[in-house]
Amino acid sequence: ERYQLYHLEKAKGGIGLSMFGGSSNVAPDSPNIFRQLNVGTDEIIPWLQQFSARMHEEGAALMVQITHLGRRGEPYGDQWLPTIGPSAIRETLHRSFPKEMDEHDIRRVVKAYAAAVRRCRDGGLDGVETLAGGHLIGQFLSPATNRRTDRYGGSLENRCRFGLEVFEAIRREVGDDLRVGMR
């Protein structure tokens, strides 16, 4: 409630768009270790509906930032699931050794992103922003964390493949009516 009211005050002050959620997680193996929101479950939809209705009533748009932490996750947080990443390169913050994602993991996480964006749309949000940076999409992009030799590694085109598959799945799931970006 306090979080919503904070953003609502900004809307009352005339802000046109507010971004919230700071790395809201899309899947169970991306644990909530930084007090993020969990957009990986339908339980979030009523909360998003209430939040977006309040903001829209004041004439402001509302977007959320979503992510999968990948190797940056904490294996001892939330559901105690192993961290995953494009390659098994030790993470520097939490010191975990991620499991290198296989094709099943890749398909599962791509679907999780699309389902999370559907929840955001059903919650009345105006858009989503995926976080790349040091998180999973960015981990695939970087040759420092992606040492794969398959179609997801090596060349820039191959390292971009995972992120492109995420965005293609998002568009198939929600169409063109929702703003979708990447940070």
# chains A, B, ... in the order shown; residues from 1 in each chain; ligands from 1

$ residues_around --residues "A:Glu43" --least-positions-apart "2" --cutoff "12 Å" --atoms "only C-alpha atoms" --output "PyMOL selection string"
chain A and resi 37-41+45-49+116+119-120+122-123

$ residues_around --residues "stretch 113-115 of chain A" --least-positions-apart "4" --cutoff "7 Å" --atoms "only C-alpha atoms" --output "list in words"
Val26, Val109, Arg119, Val166, Ala169, Ile170 and Glu173 of chain A

$ closest_residue --among "A:Arg118, A:His68, A:Arg2, A:Lys99" --to "A:Phe51" --atoms "only C-alpha atoms"
A:Arg2

$ residues_around --residues "stretch 158-163 of chain A" --least-positions-apart "4" --cutoff "7 Å" --atoms "only C-alpha atoms" --output "JSON, numbers by chain"
{"A": [137, 140, 141, 151, 152, 153, 154, 167]}

$ atom_distance --atom1 "atom CA of A:Ser96" --atom2 "atom CA of A:Arg72"
8.0 Å

$ residues_around --residues "A:Gln79" --least-positions-apart "5" --cutoff "8 Å" --atoms "only C-alpha atoms" --output "list in words"
Pro28, Asp29 and Pro31 of chain A

$ write_last_selection --atoms "N, CA and C atoms" --output "PDB file, in the first residue's frame"
ATOM      1  N   PRO A  28      10.782 -18.993 -10.617  1.00  0.00           N
ATOM      2  CA  PRO A  28      11.191 -19.429  -9.274  1.00  0.00           C
ATOM      3  C   PRO A  28      12.712 -19.532  -9.088  1.00  0.00           C
ATOM      4  N   ASP A  29      13.459 -19.813 -10.160  1.00  0.00           N
ATOM      5  CA  ASP A  29      14.907 -19.916  -9.990  1.00  0.00           C
ATOM      6  C   ASP A  29      15.608 -18.566 -10.158  1.00  0.00           C
ATOM      7  N   PRO A  31      15.412 -15.902  -7.534  1.00  0.00           N
ATOM      8  CA  PRO A  31      14.803 -15.648  -6.227  1.00  0.00           C
ATOM      9  C   PRO A  31      14.708 -14.172  -5.857  1.00  0.00           C
TER      10      PRO A  31
END

$ select_by_dssp --residues "stretch 12-167 of chain A" --states "alpha helix (DSSP H)" --output "PyMOL selection string"
chain A and resi 12+45-57+103-122+136-141+156-167

$ residues_around --residues "A:Ser52" --least-positions-apart "4" --cutoff "9 Å" --atoms "only C-alpha atoms" --output "MDAnalysis selection string"
chainID A and resid 47:48 56:57 60:63 123:126

$ write_last_selection --atoms "N, CA, C and O atoms" --output "tab-separated table (two decimals), in the first residue's frame"
chain	number	residue	atom	x	y	z
A	47	TRP	N	-3.01	-7.10	-7.50
A	47	TRP	CA	-2.20	-5.99	-6.98
A	47	TRP	C	-1.87	-5.02	-8.11
A	47	TRP	O	-1.98	-3.81	-7.94
A	48	LEU	N	-1.48	-5.56	-9.26
A	48	LEU	CA	-1.16	-4.70	-10.41
A	48	LEU	C	-2.40	-3.96	-10.90
A	48	LEU	O	-2.32	-2.80	-11.30
A	56	HIS	N	-3.77	5.41	-13.43
A	56	HIS	CA	-4.52	5.86	-14.60
A	56	HIS	C	-5.56	6.91	-14.23
A	56	HIS	O	-5.83	7.82	-15.01
A	57	GLU	N	-6.13	6.78	-13.05
A	57	GLU	CA	-7.11	7.76	-12.59
A	57	GLU	C	-6.50	9.16	-12.49
A	57	GLU	O	-7.18	10.16	-12.68
A	60	ALA	N	-1.62	9.11	-15.29
A	60	ALA	CA	-0.24	8.66	-15.45
A	60	ALA	C	-0.19	7.22	-15.96
A	60	ALA	O	-1.04	6.40	-15.64
A	61	ALA	N	0.83	6.94	-16.75
A	61	ALA	CA	1.08	5.58	-17.21
A	61	ALA	C	1.96	4.87	-16.19
A	61	ALA	O	2.65	5.51	-15.39
A	62	LEU	N	1.93	3.54	-16.23
A	62	LEU	CA	2.67	2.75	-15.26
A	62	LEU	C	3.35	1.58	-15.95
A	62	LEU	O	2.72	0.84	-16.71
A	63	MET	N	4.64	1.45	-15.69
A	63	MET	CA	5.43	0.34	-16.23
A	63	MET	C	6.19	-0.34	-15.10
A	63	MET	O	6.43	0.25	-14.06
A	123	GLY	N	-2.77	-7.04	-15.58
A	123	GLY	CA	-2.81	-6.15	-14.43
A	123	GLY	C	-3.03	-4.70	-14.81
A	123	GLY	O	-3.06	-3.83	-13.93
A	124	GLY	N	-3.17	-4.42	-16.11
A	124	GLY	CA	-3.48	-3.07	-16.56
A	124	GLY	C	-2.28	-2.17	-16.76
A	124	GLY	O	-2.45	-0.97	-16.99
A	125	LEU	N	-1.08	-2.71	-16.70
A	125	LEU	CA	0.11	-1.88	-16.88
A	125	LEU	C	0.23	-1.43	-18.33
A	125	LEU	O	-0.31	-2.05	-19.24
A	126	ASP	N	0.95	-0.36	-18.52
A	126	ASP	CA	1.13	0.22	-19.85
A	126	ASP	C	2.36	-0.32	-20.56
A	126	ASP	O	2.53	-0.11	-21.76

$ atom_distance --atom1 "atom CA of A:Leu178" --atom2 "atom CA of A:Gln139"
25.3 Å

$ closest_residue --among "A:Asn146, A:Gly175, A:Leu5, A:Ser155" --to "A:Gln50" --atoms "only C-alpha atoms"
A:Leu5

$ residues_around --residues "A:Asp177" --least-positions-apart "4" --cutoff "10 Å" --atoms "only C-alpha atoms" --output "list in words"
Arg121, Asp126, Gly127 and Arg171 of chain A

$ select_by_dssp --residues "stretch 62-163 of chain A" --states "strand (DSSP E or B)" --output "list of chain:residue names"
A:Leu62, A:Met63, A:Val64, A:Gln65, A:Ile66, A:Thr67, A:Ile84, A:Gly85, A:Lys99, A:Glu100, A:Gly127, A:Val128, A:Glu129, A:Thr130

$ write_last_selection --atoms "N, CA and C atoms" --output "mmCIF file, in the first residue's frame"
data_model
loop_
_atom_site.group_PDB
_atom_site.id
_atom_site.type_symbol
_atom_site.label_atom_id
_atom_site.label_comp_id
_atom_site.auth_asym_id
_atom_site.auth_seq_id
_atom_site.Cartn_x
_atom_site.Cartn_y
_atom_site.Cartn_z
ATOM 1 N N LEU A 62 1.931 3.541 -16.235
ATOM 2 C CA LEU A 62 2.665 2.749 -15.258
ATOM 3 C C LEU A 62 3.351 1.577 -15.948
ATOM 4 N N MET A 63 4.645 1.446 -15.694
ATOM 5 C CA MET A 63 5.429 0.339 -16.233
ATOM 6 C C MET A 63 6.191 -0.345 -15.097
ATOM 7 N N VAL A 64 6.586 -1.584 -15.343
ATOM 8 C CA VAL A 64 7.354 -2.362 -14.377
ATOM 9 C C VAL A 64 8.620 -2.887 -15.051
ATOM 10 N N GLN A 65 9.654 -3.028 -14.236
ATOM 11 C CA GLN A 65 10.900 -3.616 -14.721
ATOM 12 C C GLN A 65 10.921 -5.075 -14.288
ATOM 13 N N ILE A 66 11.144 -5.987 -15.251
ATOM 14 C CA ILE A 66 11.165 -7.418 -14.949
ATOM 15 C C ILE A 66 12.531 -8.003 -15.311
ATOM 16 N N THR A 67 12.833 -9.150 -14.700
ATOM 17 C CA THR A 67 14.126 -9.764 -14.967
ATOM 18 C C THR A 67 14.161 -11.214 -14.546
ATOM 19 N N ILE A 84 21.268 -20.373 -12.452
ATOM 20 C CA ILE A 84 21.501 -20.797 -13.831
ATOM 21 C C ILE A 84 22.123 -19.637 -14.595
ATOM 22 N N GLY A 85 22.778 -19.958 -15.666
ATOM 23 C CA GLY A 85 23.384 -18.929 -16.495
ATOM 24 C C GLY A 85 23.763 -19.500 -17.843
ATOM 25 N N LYS A 99 24.495 -23.334 -12.867
ATOM 26 C CA LYS A 99 24.329 -24.447 -13.802
ATOM 27 C C LYS A 99 24.246 -23.846 -15.202
ATOM 28 N N GLU A 100 25.015 -24.383 -16.143
ATOM 29 C CA GLU A 100 24.895 -23.912 -17.522
ATOM 30 C C GLU A 100 23.534 -24.335 -18.053
ATOM 31 N N GLY A 127 3.223 -0.991 -19.823
ATOM 32 C CA GLY A 127 4.407 -1.545 -20.435
ATOM 33 C C GLY A 127 5.307 -2.226 -19.441
ATOM 34 N N VAL A 128 6.345 -2.849 -19.983
ATOM 35 C CA VAL A 128 7.367 -3.514 -19.185
ATOM 36 C C VAL A 128 8.735 -3.158 -19.753
ATOM 37 N N GLU A 129 9.718 -3.238 -18.882
ATOM 38 C CA GLU A 129 11.101 -3.070 -19.293
ATOM 39 C C GLU A 129 11.862 -4.275 -18.765
ATOM 40 N N THR A 130 12.540 -4.983 -19.661
ATOM 41 C CA THR A 130 13.379 -6.084 -19.204
ATOM 42 C C THR A 130 14.737 -5.517 -18.836
#

$ closest_residue --among "A:Ala144, A:Val110, A:Leu136, A:Asp150" --to "A:Glu168" --atoms "only C-alpha atoms"
A:Val110

$ closest_residue --among "A:Arg148, A:His135, A:Arg183, A:His7" --to "A:Met101" --atoms "only C-alpha atoms"
A:Arg148

$ residues_around --residues "A:Gly73" --least-positions-apart "4" --cutoff "6 Å" --atoms "only C-alpha atoms" --output "list in words"
Ser30, Leu69 and Thr83 of chain A

$ decode --residues "stretch 49-62 of chain A" --atoms "all heavy atoms" --output "JSON list (two decimals), in the first residue's frame"
[["chain", "number", "residue", "atom", "x", "y", "z"],
["A", 49, "GLN", "N", -3.55, -4.62, -10.89],
["A", 49, "GLN", "CA", -4.79, -3.98, -11.32],
["A", 49, "GLN", "C", -5.13, -2.79, -10.42],
["A", 49, "GLN", "O", -5.51, -1.72, -10.91],
["A", 49, "GLN", "CB", -5.95, -4.99, -11.33],
["A", 49, "GLN", "CG", -5.84, -6.01, -12.42],
["A", 49, "GLN", "CD", -6.83, -7.15, -12.28],
["A", 49, "GLN", "OE1", -7.30, -7.48, -11.18],
["A", 49, "GLN", "NE2", -7.13, -7.80, -13.40],
["A", 50, "GLN", "N", -4.99, -2.97, -9.13],
["A", 50, "GLN", "CA", -5.26, -1.88, -8.19],
["A", 50, "GLN", "C", -4.29, -0.73, -8.43],
["A", 50, "GLN", "O", -4.68, 0.44, -8.48],
["A", 50, "GLN", "CB", -5.13, -2.39, -6.76],
["A", 50, "GLN", "CG", -5.36, -1.30, -5.73],
["A", 50, "GLN", "CD", -4.99, -1.76, -4.33],
["A", 50, "GLN", "OE1", -3.92, -2.34, -4.12],
["A", 50, "GLN", "NE2", -5.88, -1.51, -3.38],
["A", 51, "PHE", "N", -3.03, -1.05, -8.57],
["A", 51, "PHE", "CA", -1.98, -0.05, -8.76],
["A", 51, "PHE", "C", -2.19, 0.72, -10.06],
["A", 51, "PHE", "O", -2.19, 1.96, -10.07],
["A", 51, "PHE", "CB", -0.63, -0.77, -8.76],
["A", 51, "PHE", "CG", 0.58, 0.10, -8.58],
["A", 51, "PHE", "CD1", 0.50, 1.46, -8.36],
["A", 51, "PHE", "CD2", 1.84, -0.49, -8.62],
["A", 51, "PHE", "CE1", 1.65, 2.23, -8.19],
["A", 51, "PHE", "CE2", 2.99, 0.27, -8.45],
["A", 51, "PHE", "CZ", 2.89, 1.63, -8.23],
["A", 52, "SER", "N", -2.41, 0.01, -11.15],
["A", 52, "SER", "CA", -2.57, 0.69, -12.44],
["A", 52, "SER", "C", -3.85, 1.53, -12.47],
["A", 52, "SER", "O", -3.86, 2.63, -13.03],
["A", 52, "SER", "CB", -2.55, -0.31, -13.59],
["A", 52, "SER", "OG", -3.61, -1.24, -13.50],
["A", 53, "ALA", "N", -4.92, 1.06, -11.85],
["A", 53, "ALA", "CA", -6.16, 1.85, -11.81],
["A", 53, "ALA", "C", -5.93, 3.17, -11.08],
["A", 53, "ALA", "O", -6.40, 4.23, -11.53],
["A", 53, "ALA", "CB", -7.27, 1.05, -11.14],
["A", 54, "ARG", "N", -5.23, 3.12, -9.98],
["A", 54, "ARG", "CA", -4.93, 4.35, -9.23],
["A", 54, "ARG", "C", -4.12, 5.34, -10.08],
["A", 54, "ARG", "O", -4.40, 6.53, -10.10],
["A", 54, "ARG", "CB", -4.13, 4.03, -7.97],
["A", 54, "ARG", "CG", -4.92, 3.40, -6.87],
["A", 54, "ARG", "CD", -4.01, 2.98, -5.73],
["A", 54, "ARG", "NE", -4.77, 2.84, -4.50],
["A", 54, "ARG", "CZ", -4.25, 2.42, -3.36],
["A", 54, "ARG", "NH1", -2.97, 2.10, -3.29],
["A", 54, "ARG", "NH2", -5.00, 2.31, -2.28],
["A", 55, "MET", "N", -3.11, 4.83, -10.75],
["A", 55, "MET", "CA", -2.25, 5.70, -11.56],
["A", 55, "MET", "C", -2.99, 6.26, -12.76],
["A", 55, "MET", "O", -2.88, 7.45, -13.08],
["A", 55, "MET", "CB", -1.01, 4.93, -12.00],
["A", 55, "MET", "CG", -0.10, 4.51, -10.86],
["A", 55, "MET", "SD", 0.64, 5.88, -9.96],
["A", 55, "MET", "CE", 1.91, 6.36, -11.12],
["A", 56, "HIS", "N", -3.77, 5.41, -13.43],
["A", 56, "HIS", "CA", -4.52, 5.86, -14.60],
["A", 56, "HIS", "C", -5.56, 6.91, -14.23],
["A", 56, "HIS", "O", -5.83, 7.82, -15.01],
["A", 56, "HIS", "CB", -5.18, 4.66, -15.30],
["A", 56, "HIS", "CG", -4.19, 3.72, -15.92],
["A", 56, "HIS", "ND1", -4.48, 2.41, -16.16],
["A", 56, "HIS", "CD2", -2.91, 3.90, -16.34],
["A", 56, "HIS", "CE1", -3.43, 1.82, -16.71],
["A", 56, "HIS", "NE2", -2.46, 2.71, -16.83],
["A", 57, "GLU", "N", -6.13, 6.78, -13.05],
["A", 57, "GLU", "CA", -7.11, 7.76, -12.59],
["A", 57, "GLU", "C", -6.50, 9.16, -12.49],
["A", 57, "GLU", "O", -7.18, 10.16, -12.68],
["A", 57, "GLU", "CB", -7.66, 7.33, -11.22],
["A", 57, "GLU", "CG", -8.86, 8.14, -10.77],
["A", 57, "GLU", "CD", -9.45, 7.55, -9.51],
["A", 57, "GLU", "OE1", -9.89, 6.38, -9.56],
["A", 57, "GLU", "OE2", -9.48, 8.26, -8.48],
["A", 58, "GLU", "N", -5.20, 9.22, -12.25],
["A", 58, "GLU", "CA", -4.49, 10.49, -12.17],
["A", 58, "GLU", "C", -3.87, 10.89, -13.51],
["A", 58, "GLU", "O", -3.16, 11.89, -13.60],
["A", 58, "GLU", "CB", -3.41, 10.43, -11.09],
["A", 58, "GLU", "CG", -3.95, 10.23, -9.69],
["A", 58, "GLU", "CD", -4.84, 11.38, -9.24],
["A", 58, "GLU", "OE1", -4.62, 12.54, -9.65],
["A", 58, "GLU", "OE2", -5.78, 11.11, -8.46],
["A", 59, "GLY", "N", -4.10, 10.07, -14.55],
["A", 59, "GLY", "CA", -3.59, 10.38, -15.88],
["A", 59, "GLY", "C", -2.16, 9.95, -16.13],
["A", 59, "GLY", "O", -1.54, 10.38, -17.12],
["A", 60, "ALA", "N", -1.62, 9.11, -15.29],
["A", 60, "ALA", "CA", -0.24, 8.66, -15.45],
["A", 60, "ALA", "C", -0.19, 7.22, -15.96],
["A", 60, "ALA", "O", -1.04, 6.40, -15.64],
["A", 60, "ALA", "CB", 0.51, 8.75, -14.12],
["A", 61, "ALA", "N", 0.83, 6.94, -16.75],
["A", 61, "ALA", "CA", 1.08, 5.58, -17.21],
["A", 61, "ALA", "C", 1.96, 4.87, -16.19],
["A", 61, "ALA", "O", 2.65, 5.51, -15.39],
["A", 61, "ALA", "CB", 1.77, 5.61, -18.58],
["A", 62, "LEU", "N", 1.93, 3.54, -16.23],
["A", 62, "LEU", "CA", 2.67, 2.75, -15.26],
["A", 62, "LEU", "C", 3.35, 1.58, -15.95],
["A", 62, "LEU", "O", 2.72, 0.84, -16.71],
["A", 62, "LEU", "CB", 1.70, 2.23, -14.18],
["A", 62, "LEU", "CG", 2.30, 1.51, -12.99],
["A", 62, "LEU", "CD1", 3.23, 2.44, -12.20],
["A", 62, "LEU", "CD2", 1.19, 0.98, -12.09]]
